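Listing of data20.tsv; format and content: TSV, C-alpha atoms.
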```
chain	number	residue	atom	x	y	z
A	162	MET	CA	-14.05	-76.03	193.58
A	163	GLY	CA	-16.88	-78.26	194.78
A	164	ASN	CA	-16.55	-81.83	193.58
A	165	GLN	CA	-14.33	-81.08	190.61
A	166	CYS	CA	-12.04	-83.90	191.68
A	167	PHE	CA	-14.30	-86.29	189.79
A	168	TRP	CA	-13.86	-84.39	186.57
A	169	TYR	CA	-10.06	-84.73	186.83
A	170	LEU	CA	-10.08	-88.44	187.51
A	171	GLU	CA	-7.76	-90.20	185.03
A	172	ASP	CA	-8.48	-87.43	182.50
A	173	GLN	CA	-11.94	-88.87	181.89
A	174	ASP	CA	-15.21	-86.94	181.64
A	175	ILE	CA	-16.57	-88.22	184.95
A	176	GLN	CA	-19.13	-85.43	184.91
A	177	LYS	CA	-21.11	-87.43	182.35
A	178	MET	CA	-21.13	-90.40	184.76
A	179	MET	CA	-22.10	-88.37	187.80
A	180	ASP	CA	-25.76	-87.98	188.77
A	181	PRO	CA	-26.35	-84.19	189.13
A	182	LYS	CA	-28.39	-84.69	192.30
A	183	LYS	CA	-25.67	-86.83	193.90
A	184	SER	CA	-23.10	-84.30	192.75
A	185	MET	CA	-24.82	-81.55	194.73
A	186	GLU	CA	-25.15	-83.79	197.79
A	187	ILE	CA	-21.41	-84.43	198.10
A	188	GLN	CA	-20.26	-80.97	197.00
A	189	ASP	CA	-19.81	-79.69	200.56
A	190	LYS	CA	-18.27	-82.92	201.83
A	191	ILE	CA	-15.08	-82.78	199.76
A	192	ILE	CA	-11.93	-81.19	201.15
A	193	HIS	CA	-9.24	-79.52	199.05
A	194	ARG	CA	-5.71	-79.18	200.43
A	195	LYS	CA	-2.43	-77.88	199.12
A	196	PHE	CA	0.79	-79.71	200.01
A	197	LYS	CA	4.30	-78.34	199.70
A	198	LYS	CA	7.10	-80.22	197.96
A	199	SER	CA	8.27	-83.20	200.10
A	200	GLU	CA	5.31	-82.82	202.49
A	201	LYS	CA	3.76	-86.10	203.65
A	202	ILE	CA	0.10	-86.66	202.78
A	203	TYR	CA	-0.16	-89.84	204.81
A	204	MET	CA	2.24	-92.23	206.54
A	205	PRO	CA	2.33	-95.92	207.53
A	206	ASP	CA	-0.23	-96.81	210.22
A	207	ASP	CA	-2.42	-93.79	209.45
A	208	THR	CA	-6.09	-94.76	209.30
A	209	ALA	CA	-7.14	-95.60	205.74
A	210	ASP	CA	-10.43	-93.73	205.71
A	211	LYS	CA	-9.95	-91.33	202.77
A	212	ILE	CA	-9.57	-91.42	199.01
A	213	PHE	CA	-7.37	-88.85	197.29
A	214	PHE	CA	-7.49	-87.21	193.83
A	215	VAL	CA	-4.59	-85.20	192.41
A	216	MET	CA	-5.90	-81.96	190.93
A	217	GLU	CA	-2.47	-80.37	190.38
A	218	GLY	CA	1.05	-81.67	190.93
A	219	ARG	CA	2.44	-85.17	191.54
A	220	VAL	CA	2.53	-87.61	194.45
A	221	LYS	CA	4.98	-90.42	195.21
A	222	ILE	CA	3.78	-93.60	196.91
A	223	SER	CA	6.71	-95.33	198.60
A	224	SER	CA	7.78	-97.64	201.39
A	225	THR	CA	10.97	-98.25	203.35
A	226	GLY	CA	12.80	-101.52	202.87
A	227	GLU	CA	15.75	-103.09	204.62
A	228	GLU	CA	18.37	-100.73	206.02
A	229	GLY	CA	15.96	-97.83	205.48
A	230	LYS	CA	16.22	-97.91	201.68
A	231	GLU	CA	13.28	-96.21	200.01
A	232	VAL	CA	11.30	-98.10	197.37
A	233	THR	CA	9.00	-96.08	195.14
A	234	LYS	CA	5.87	-98.02	194.21
A	235	ILE	CA	4.17	-95.56	191.89
A	236	ILE	CA	4.10	-91.91	190.85
A	237	ILE	CA	0.59	-90.41	190.87
A	238	ASN	CA	0.05	-87.63	188.35
A	239	GLN	CA	-2.59	-84.96	187.85
A	240	GLY	CA	-6.00	-86.49	187.27
A	241	GLU	CA	-5.23	-89.74	189.10
A	242	ILE	CA	-6.49	-91.36	192.28
A	243	PHE	CA	-4.54	-92.82	195.22
A	244	GLY	CA	-5.28	-94.29	198.63
A	245	GLU	CA	-7.64	-96.62	196.78
A	246	LEU	CA	-6.71	-99.73	198.80
A	247	ALA	CA	-9.08	-98.44	201.45
A	248	LEU	CA	-11.87	-99.48	199.06
A	249	VAL	CA	-10.79	-103.12	199.27
A	250	GLY	CA	-10.40	-103.38	203.02
A	251	GLU	CA	-7.13	-101.68	203.96
A	252	GLU	CA	-7.58	-100.33	207.48
A	253	LYS	CA	-4.13	-98.82	208.06
A	254	ARG	CA	-1.80	-97.29	205.49
A	255	ARG	CA	1.24	-99.40	204.70
A	256	ASP	CA	3.24	-96.82	202.80
A	257	PHE	CA	4.08	-93.14	202.47
A	258	ALA	CA	2.36	-90.64	200.18
A	259	THR	CA	4.60	-87.63	199.52
A	260	ALA	CA	4.10	-84.54	197.35
A	261	LEU	CA	6.84	-84.36	194.70
A	262	GLU	CA	6.08	-80.69	194.08
A	263	GLN	CA	3.46	-78.20	195.22
A	264	THR	CA	0.34	-80.29	194.88
A	265	THR	CA	-3.40	-79.75	195.25
A	266	ILE	CA	-5.32	-82.75	196.55
A	267	CYS	CA	-9.05	-83.38	196.58
A	268	ILE	CA	-9.90	-85.54	199.63
A	269	MET	CA	-13.07	-87.61	199.95
A	270	SER	CA	-14.08	-89.81	202.86
A	271	LEU	CA	-14.14	-93.56	202.27
A	272	GLU	CA	-17.77	-93.66	203.38
A	273	GLU	CA	-18.84	-91.03	200.85
A	274	MET	CA	-16.83	-92.67	198.06
A	275	GLN	CA	-18.46	-96.01	198.79
A	276	SER	CA	-21.86	-94.33	198.71
A	277	VAL	CA	-21.17	-92.80	195.30
A	278	MET	CA	-19.93	-96.14	193.93
A	279	LYS	CA	-22.96	-97.96	195.32
A	280	SER	CA	-25.47	-95.54	193.82
A	281	GLN	CA	-23.72	-95.10	190.46
A	282	SER	CA	-22.46	-98.25	188.80
A	283	SER	CA	-20.61	-96.35	186.06
A	284	ILE	CA	-18.28	-94.75	188.60
A	285	SER	CA	-17.95	-98.04	190.48
A	286	MET	CA	-16.85	-99.81	187.30
A	287	PHE	CA	-14.45	-96.99	186.47
A	288	ILE	CA	-12.76	-97.20	189.88
A	289	MET	CA	-12.53	-100.98	189.59
A	290	LYS	CA	-10.84	-100.55	186.21
A	291	ILE	CA	-8.25	-98.28	187.82
A	292	LEU	CA	-7.62	-100.86	190.56
A	293	GLY	CA	-7.26	-103.62	187.99
A	294	ASN	CA	-4.79	-101.61	185.91
A	295	ARG	CA	-2.70	-100.92	189.02
A	296	VAL	CA	-2.52	-104.65	189.78
A	297	VAL	CA	-1.40	-105.41	186.20
A	298	ASP	CA	1.26	-102.68	186.40
A	299	MET	CA	2.57	-104.06	189.69
A	300	GLU	CA	2.76	-107.58	188.24
A	301	LYS	CA	4.76	-106.28	185.28
A	302	ARG	CA	7.15	-104.49	187.61
A	303	LEU	CA	7.61	-107.64	189.69
A	304	GLU	CA	8.41	-109.66	186.57
A	305	SER	CA	10.89	-107.00	185.49
A	306	LEU	CA	12.62	-107.05	188.89
A	307	VAL	CA	12.93	-110.84	188.81
A	308	PHE	CA	13.84	-111.46	185.17
A	309	ARG	CA	15.50	-108.28	183.85
A	310	ASP	CA	18.92	-106.77	184.47
A	311	SER	CA	19.28	-103.19	185.71
A	312	ARG	CA	19.82	-101.67	182.27
A	313	THR	CA	16.76	-103.37	180.80
A	314	ARG	CA	14.59	-102.37	183.76
A	315	ILE	CA	15.51	-98.73	183.27
A	316	ILE	CA	14.80	-98.87	179.54
A	317	GLU	CA	11.48	-100.63	180.15
A	318	PHE	CA	10.55	-97.95	182.67
A	319	VAL	CA	11.28	-95.20	180.11
A	320	LEU	CA	9.24	-97.01	177.43
A	321	ASP	CA	6.33	-97.50	179.83
A	322	LEU	CA	6.47	-93.84	180.84
A	323	VAL	CA	6.39	-92.78	177.20
A	324	SER	CA	3.47	-95.09	176.38
A	325	LYS	CA	1.39	-93.74	179.24
A	326	LYS	CA	2.41	-90.08	179.48
A	327	GLY	CA	4.16	-89.30	176.23
A	328	GLN	CA	2.93	-86.74	173.71
A	329	ARG	CA	3.86	-87.03	170.06
A	330	VAL	CA	5.90	-84.15	168.63
A	331	GLY	CA	6.55	-84.94	164.98
A	332	TYR	CA	8.30	-88.31	164.95
A	333	GLU	CA	9.40	-87.98	168.57
A	334	MET	CA	7.72	-88.50	171.95
A	335	VAL	CA	8.00	-86.05	174.82
A	336	VAL	CA	7.20	-86.56	178.52
A	337	ARG	CA	6.81	-83.41	180.59
A	338	LYS	CA	8.04	-83.25	184.19
A	339	PHE	CA	10.63	-85.99	183.87
A	340	LEU	CA	11.65	-87.72	187.10
A	341	THR	CA	14.99	-87.32	188.82
A	342	HIS	CA	17.57	-90.07	188.44
A	343	GLN	CA	17.13	-90.98	192.10
A	344	GLU	CA	13.35	-91.33	191.67
A	345	ILE	CA	13.87	-93.62	188.68
A	346	ALA	CA	16.40	-95.63	190.70
A	347	ASN	CA	13.87	-96.02	193.53
A	348	ILE	CA	11.24	-97.29	191.08
A	349	THR	CA	13.50	-99.68	189.17
A	350	ALA	CA	15.42	-100.99	192.21
A	351	THR	CA	18.72	-99.77	190.82
A	352	SER	CA	21.15	-97.03	191.87
A	353	ARG	CA	21.20	-93.37	190.85
A	354	GLN	CA	24.63	-93.91	189.28
A	355	THR	CA	23.30	-96.80	187.16
A	356	VAL	CA	20.34	-94.71	185.97
A	357	THR	CA	22.67	-91.86	185.02
A	358	THR	CA	25.02	-94.23	183.16
A	359	VAL	CA	22.21	-95.89	181.19
A	360	LEU	CA	20.46	-92.64	180.27
A	361	ASN	CA	23.73	-91.01	179.21
A	362	ASP	CA	24.54	-94.05	177.06
A	363	LEU	CA	21.15	-93.82	175.34
A	364	LYS	CA	21.67	-90.10	174.90
A	365	SER	CA	25.08	-90.67	173.29
A	366	LYS	CA	23.34	-92.99	170.79
A	367	ASN	CA	20.92	-90.16	169.99
A	368	LEU	CA	17.94	-92.25	171.11
A	369	LEU	CA	16.77	-89.73	173.68
A	370	THR	CA	17.59	-86.50	175.43
A	371	PHE	CA	16.49	-85.24	178.82
A	372	ASP	CA	16.70	-82.58	181.47
A	373	ARG	CA	14.82	-81.86	184.70
A	374	LYS	CA	11.75	-80.63	182.84
A	375	ARG	CA	11.25	-83.22	180.12
A	376	LEU	CA	12.27	-86.45	178.41
A	377	LEU	CA	12.38	-86.61	174.62
A	378	VAL	CA	12.55	-90.05	172.96
A	379	ARG	CA	13.68	-89.71	169.36
A	380	ASP	CA	12.84	-93.24	168.18
A	381	VAL	CA	10.71	-95.59	170.31
A	382	GLU	CA	11.36	-98.61	168.06
A	383	LEU	CA	15.13	-98.23	168.27
A	384	LEU	CA	14.88	-97.78	172.04
A	385	GLU	CA	12.91	-101.06	172.24
A	386	LYS	CA	15.82	-102.81	170.52
A	387	GLU	CA	18.17	-101.62	173.27
A	388	LYS	CA	16.53	-103.94	175.81
A	389	GLY	CA	18.86	-106.77	176.72
A	390	ILE	CA	21.91	-105.14	175.12
A	391	VAL	CA	24.82	-105.02	177.56
```
Can you dump the structure from the file as structure tokens?
Amino acid sequence: MGNQCFWYLEDQDIQKMMDPKKSMEIQDKIIHRKFKKSEKIYMPDDTADKIFFVMEGRVKISSTGEEGKEVTKIIINQGEIFGELALVGEEKRRDFATALEQTTICIMSLEEMQSVMKSQSSISMFIMKILGNRVVDMEKRLESLVFRDSRTRIIEFVLDLVSKKGQRVGYEMVVRKFLTHQEIANITATSRQTVTTVLNDLKSKNLLTFDRKRLLVRDVELLEKEKGIV
């Protein structure tokens, strides 16, 4: 597999950014590992000395709040990077990284990643863009948690998921590998029962349909209008 992890990164053609000579230099320094469903990739207090790329599968980044309640921070999909806080000074991990399904991870040392970024400004800028987008997403989630009710948070999550991962099928939008109701609850700081109630209500209005494999939104504009409706 060599350094194919770069080519997967955020579905961009990183190969065009990568110096061929540098590519050959790091080829033997990249590790590929497979993780089973629910297997931990790293845990709190682990040394933050690696950067991870998802080649296949999905990864959940989460932490444990009061009374042991799990809070999901982000779901990392194929072609995305995680563990990136090591690049901005994180020395110990503060959260859990868990495989949501059988997942193949490309692992690169922090030192080697820093070397690549230093020698190739295009990759450095690309990684910084990813970090910036993550900060913006976290700020939006914080605003939603503070200012939105549970129903609106769930609808906003669905709309955000569709905008980022949705594929157009005629007039509808489909998202493959839809999350479980519990995973959505962990992300939106609601309960599984609330997620189920809201999604079933939207389904009864013929705005969307879903199962374990996919989410289909029939009309994004009408779903937008559902925000704030109690």
When you count all atoms listed in the file, which of these residues is closest to Glu272 (chain A): A:Asp210, A:Glu304, A:Asp298, A:Glu317?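 Residue with the minimum atom-to-atom distance to Glu272 (chain A): A:Asp210.
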Determine, counting only C-alpha atoms, which protein, DNA and RNA residues have an atom within 9 Å of an atom of Asp206 (chain A); residues of the same chain fewer than 6 positions away are not included. Present the result as JSON, numbers by chain. {"A": [252, 253, 254, 255, 256]}
What separation in Å, quoted to one decimal, exists between CA of Arg375 (chain A) and CA of Phe214 (chain A)? 23.6 Å
Counting only C-alpha atoms, figure out which residue out of A:Arg379, A:Lys201, A:His342, A:Lys364 gets nearest to Ser223 (chain A). A:Lys201
Compile a residue-level contact table for region 270-313 of chain A against region 229-241 of chain A at a cut-off of 12 Å, reporting for every qualifying residue the shortest atom pair and its distance in Å to one decimal, with all atoms listed in the file counted, rows ordered by chain and ascending number, as JSON lines.
```
{"residue": "A:Ile288", "atom": "CA", "partner": "A:Glu241", "partner_atom": "CA", "distance": 10.6}
{"residue": "A:Ile291", "atom": "CA", "partner": "A:Glu241", "partner_atom": "CA", "distance": 9.1}
{"residue": "A:Leu292", "atom": "CA", "partner": "A:Glu241", "partner_atom": "CA", "distance": 11.5}
{"residue": "A:Arg295", "atom": "CA", "partner": "A:Ile235", "partner_atom": "CA", "distance": 9.2}
{"residue": "A:Val296", "atom": "CA", "partner": "A:Ile235", "partner_atom": "CA", "distance": 11.5}
{"residue": "A:Asp298", "atom": "CA", "partner": "A:Ile235", "partner_atom": "CA", "distance": 9.5}
{"residue": "A:Met299", "atom": "CA", "partner": "A:Lys234", "partner_atom": "CA", "distance": 8.2}
{"residue": "A:Glu300", "atom": "CA", "partner": "A:Lys234", "partner_atom": "CA", "distance": 11.7}
{"residue": "A:Arg302", "atom": "CA", "partner": "A:Lys234", "partner_atom": "CA", "distance": 9.3}
{"residue": "A:Leu303", "atom": "CA", "partner": "A:Lys234", "partner_atom": "CA", "distance": 10.8}
```
Write out as a ChimeraX atom specification each polymer residue whose atoms come within 12 Å of Leu248 (chain A), counting only C-alpha atoms; drop sequence neighbours fewer than 3 positions from it. /A:209-213,242-245,251-253,269-276,278-279,285,288-289,291-292
Choose the residue, out of A:Val330, A:Cys267, A:Ile316, A:Leu322, that has the smallest atom-to-atom separation from Thr357 (chain A); count all atoms listed in the file.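 Checking each of A:Val330, A:Cys267, A:Ile316, A:Leu322 against Thr357 (chain A), counting all atoms listed in the file, the winner is A:Ile316.
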Which residues are close to Leu377 (chain A), i.e. within 12 Å by only C-alpha atoms, leaving aside same-chain residues fewer than 3 positions away? Reply as a ChimeraX atom specification. /A:319-320,322-323,326-339,360,363-364,367-374,380-381,384
One decimal, Å: what's the distance from CA of Gln263 (chain A) over to CA of Thr355 (chain A), could you say?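 For CA of Gln263 (chain A) relative to CA of Thr355 (chain A), the distance reads 28.4 Å.
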Restricting the calculation to all atoms listed in the file: of A:Met216, A:Ile222, A:Arg312, A:Ile191, which residue gets closest to Ile268 (chain A)?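 Of A:Met216, A:Ile222, A:Arg312, A:Ile191, the one nearest Ile268 (chain A), counting all atoms listed in the file, is A:Ile191.
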So how far away is CA of Thr259 (chain A) from CA of Glu217 (chain A), in Å? 13.6 Å
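Distances to Ile345 (chain A) were evaluated for A:Ser283, A:Pro205, A:Lys221, A:Thr265 using all atoms listed in the file, and the minimum falls at A:Lys221.
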Which is closest to Phe257 (chain A) among A:Ser282, A:Gln354, A:Ser199, A:Thr313, if we use only C-alpha atoms?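 The closest residue to Phe257 (chain A) is A:Ser199.
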